[in-house]
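What's in structure_8.txt: compact mmCIF, C-alpha atoms
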```
# COMPACT_ATOMS: atom_id res chain seq x y z
CA MET A 1386 -24.23 15.16 -7.21
CA GLU A 1387 -20.93 15.81 -8.97
CA THR A 1388 -17.79 17.51 -7.78
CA LEU A 1389 -15.28 18.60 -10.43
CA GLY A 1390 -16.66 15.99 -12.82
CA TYR A 1391 -16.50 13.09 -10.35
CA SER A 1392 -19.46 11.58 -8.57
CA VAL A 1393 -19.44 11.56 -4.78
CA GLY A 1394 -19.33 7.74 -4.82
CA MET A 1395 -16.17 7.81 -6.91
CA LEU A 1396 -14.54 10.26 -4.51
CA TRP A 1397 -15.39 7.95 -1.58
CA LEU A 1398 -13.88 5.01 -3.46
CA ILE A 1399 -10.68 6.93 -4.17
CA GLY A 1400 -10.47 8.02 -0.53
CA PHE A 1401 -10.96 4.44 0.66
CA LEU A 1402 -8.26 3.15 -1.72
CA VAL A 1403 -5.81 5.82 -0.55
CA LEU A 1404 -6.41 4.85 3.08
CA TRP A 1405 -6.23 1.10 2.27
CA GLU A 1406 -2.91 1.49 0.41
CA SER A 1407 -1.42 3.75 3.08
CA VAL A 1408 -2.11 1.35 5.94
CA TRP A 1409 -0.74 -1.74 4.16
CA LYS A 1410 2.23 0.20 2.80
CA ALA A 1411 3.14 1.48 6.27
CA PHE A 1412 3.16 -2.03 7.76
CA ALA A 1413 5.12 -3.49 4.82
CA LEU A 1414 7.70 -0.69 4.85
CA TRP A 1415 8.15 -1.12 8.60
CA ARG A 1416 8.75 -4.86 8.23
CA ALA A 1417 11.08 -4.41 5.23
CA ALA A 1418 13.15 -1.91 7.22
CA LYS A 1419 13.18 -4.21 10.25
CA ASN A 1420 14.33 -7.13 8.06
CA ASP A 1421 17.03 -4.99 6.38
CA SER A 1422 15.42 -5.71 3.00
CA VAL A 1423 16.43 -2.68 0.95
CA PRO A 1424 15.17 -3.96 -2.45
CA TRP A 1425 11.70 -4.69 -1.06
CA PHE A 1426 11.63 -1.35 0.76
CA VAL A 1427 12.40 0.55 -2.45
CA VAL A 1428 9.88 -1.41 -4.55
CA ILE A 1429 7.08 -1.01 -2.03
CA MET A 1430 7.88 2.69 -1.62
CA ILE A 1431 7.81 3.42 -5.36
CA PHE A 1432 4.91 1.33 -6.69
CA ASN A 1433 1.27 1.90 -5.75
CA THR A 1434 -0.60 -1.37 -6.23
CA ALA A 1435 -3.75 -0.80 -4.16
CA GLY A 1436 -2.20 -2.75 -1.30
CA ILE A 1437 -1.50 -5.93 -3.25
CA LEU A 1438 2.31 -5.77 -3.19
CA PRO A 1439 2.52 -4.81 0.52
CA ILE A 1440 0.09 -7.61 1.45
CA LEU A 1441 2.14 -10.14 -0.54
CA TYR A 1442 5.33 -8.97 1.16
CA LEU A 1443 3.80 -9.11 4.63
CA PHE A 1444 2.29 -12.57 4.34
CA ILE A 1445 4.55 -14.40 1.85
CA PHE A 1446 7.94 -12.81 1.20
CA GLY A 1447 8.65 -10.85 4.38
CA LYS A 1448 8.79 -13.66 6.91
CA LYS A 1449 11.79 -13.77 9.23
CA LYS A 1450 14.09 -16.67 8.43
```
If you took the structure in this file and wrote it as structure tokens, what would it be?
Amino acid sequence: METLGYSVGMLWLIGFLVLWESVWKAFALWRAAKNDSVPWFVVIMIFNTAGILPILYLFIFGKKK
């Protein structure tokens, strides 16, 4: 089955990636704001990296000192 030229499986994959990115981005933005890290907040807000950049920030770069 196709919808507007995309298969249903592709639409599910896109939906999953949107949800995945949104969850990780929300946590990373919250931590960047809490840590007063304006550069990281702006970078995470602008770039969509399928959750990679927010995950890196949360587990590597965003630790409290």
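Here CA of Tyr1442 (chain A) stands at a distance of 28.4 Å from CA of Met1395 (chain A).
With CA of Tyr1391 (chain A) on one side and CA of Ile1429 (chain A) on the other, the separation reads 28.7 Å.
Note that CA of Phe1444 (chain A) and CA of Trp1425 (chain A) are 13.4 Å apart.
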* So which residues touch Phe1432 (chain A) within 10 Å, counting only C-alpha atoms, skipping near sequence neighbours fewer than 6 positions away, as a list in words? -> Lys1410, Leu1438 and Pro1439 of chain A
For the residues in the current selection, export C-alpha atoms as a PDB file, in the frame of the given file.
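Ended up saving to part-v4.pdb:
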```pdb
ATOM      1  CA  LYS A1410       2.230   0.200   2.800  1.00  0.00           C
ATOM      2  CA  LEU A1438       2.310  -5.770  -3.190  1.00  0.00           C
ATOM      3  CA  PRO A1439       2.520  -4.810   0.520  1.00  0.00           C
TER       4      PRO A1439
END
```
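If you count only C-alpha atoms and ignore residues fewer than 4 places along the chain from Ser1407 (chain A), what sits within 8 Å of it is Val1403, Ala1411 and Gly1436 of chain A.
When only C-alpha atoms are used to compute distances to Ile1431 (chain A), the closest of the residues A:Leu1443, A:Val1393, A:Leu1414, A:Lys1448 turns out to be A:Leu1414.
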Centre, x/y/z edge lengths, axis-aligned box for region 1409-1414 of chain A with 6 Å per side, as JSON:
```
{"center_x": 3.5, "center_y": -1.0, "center_z": 5.3, "size_x": 20.4, "size_y": 17.0, "size_z": 17.0}
```
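Among the candidates A:Phe1446, A:Ile1440, A:Phe1401, A:Thr1434, the residue lying nearest to Ala1413 (chain A) is A:Ile1440 (atoms considered: all atoms listed in the file).
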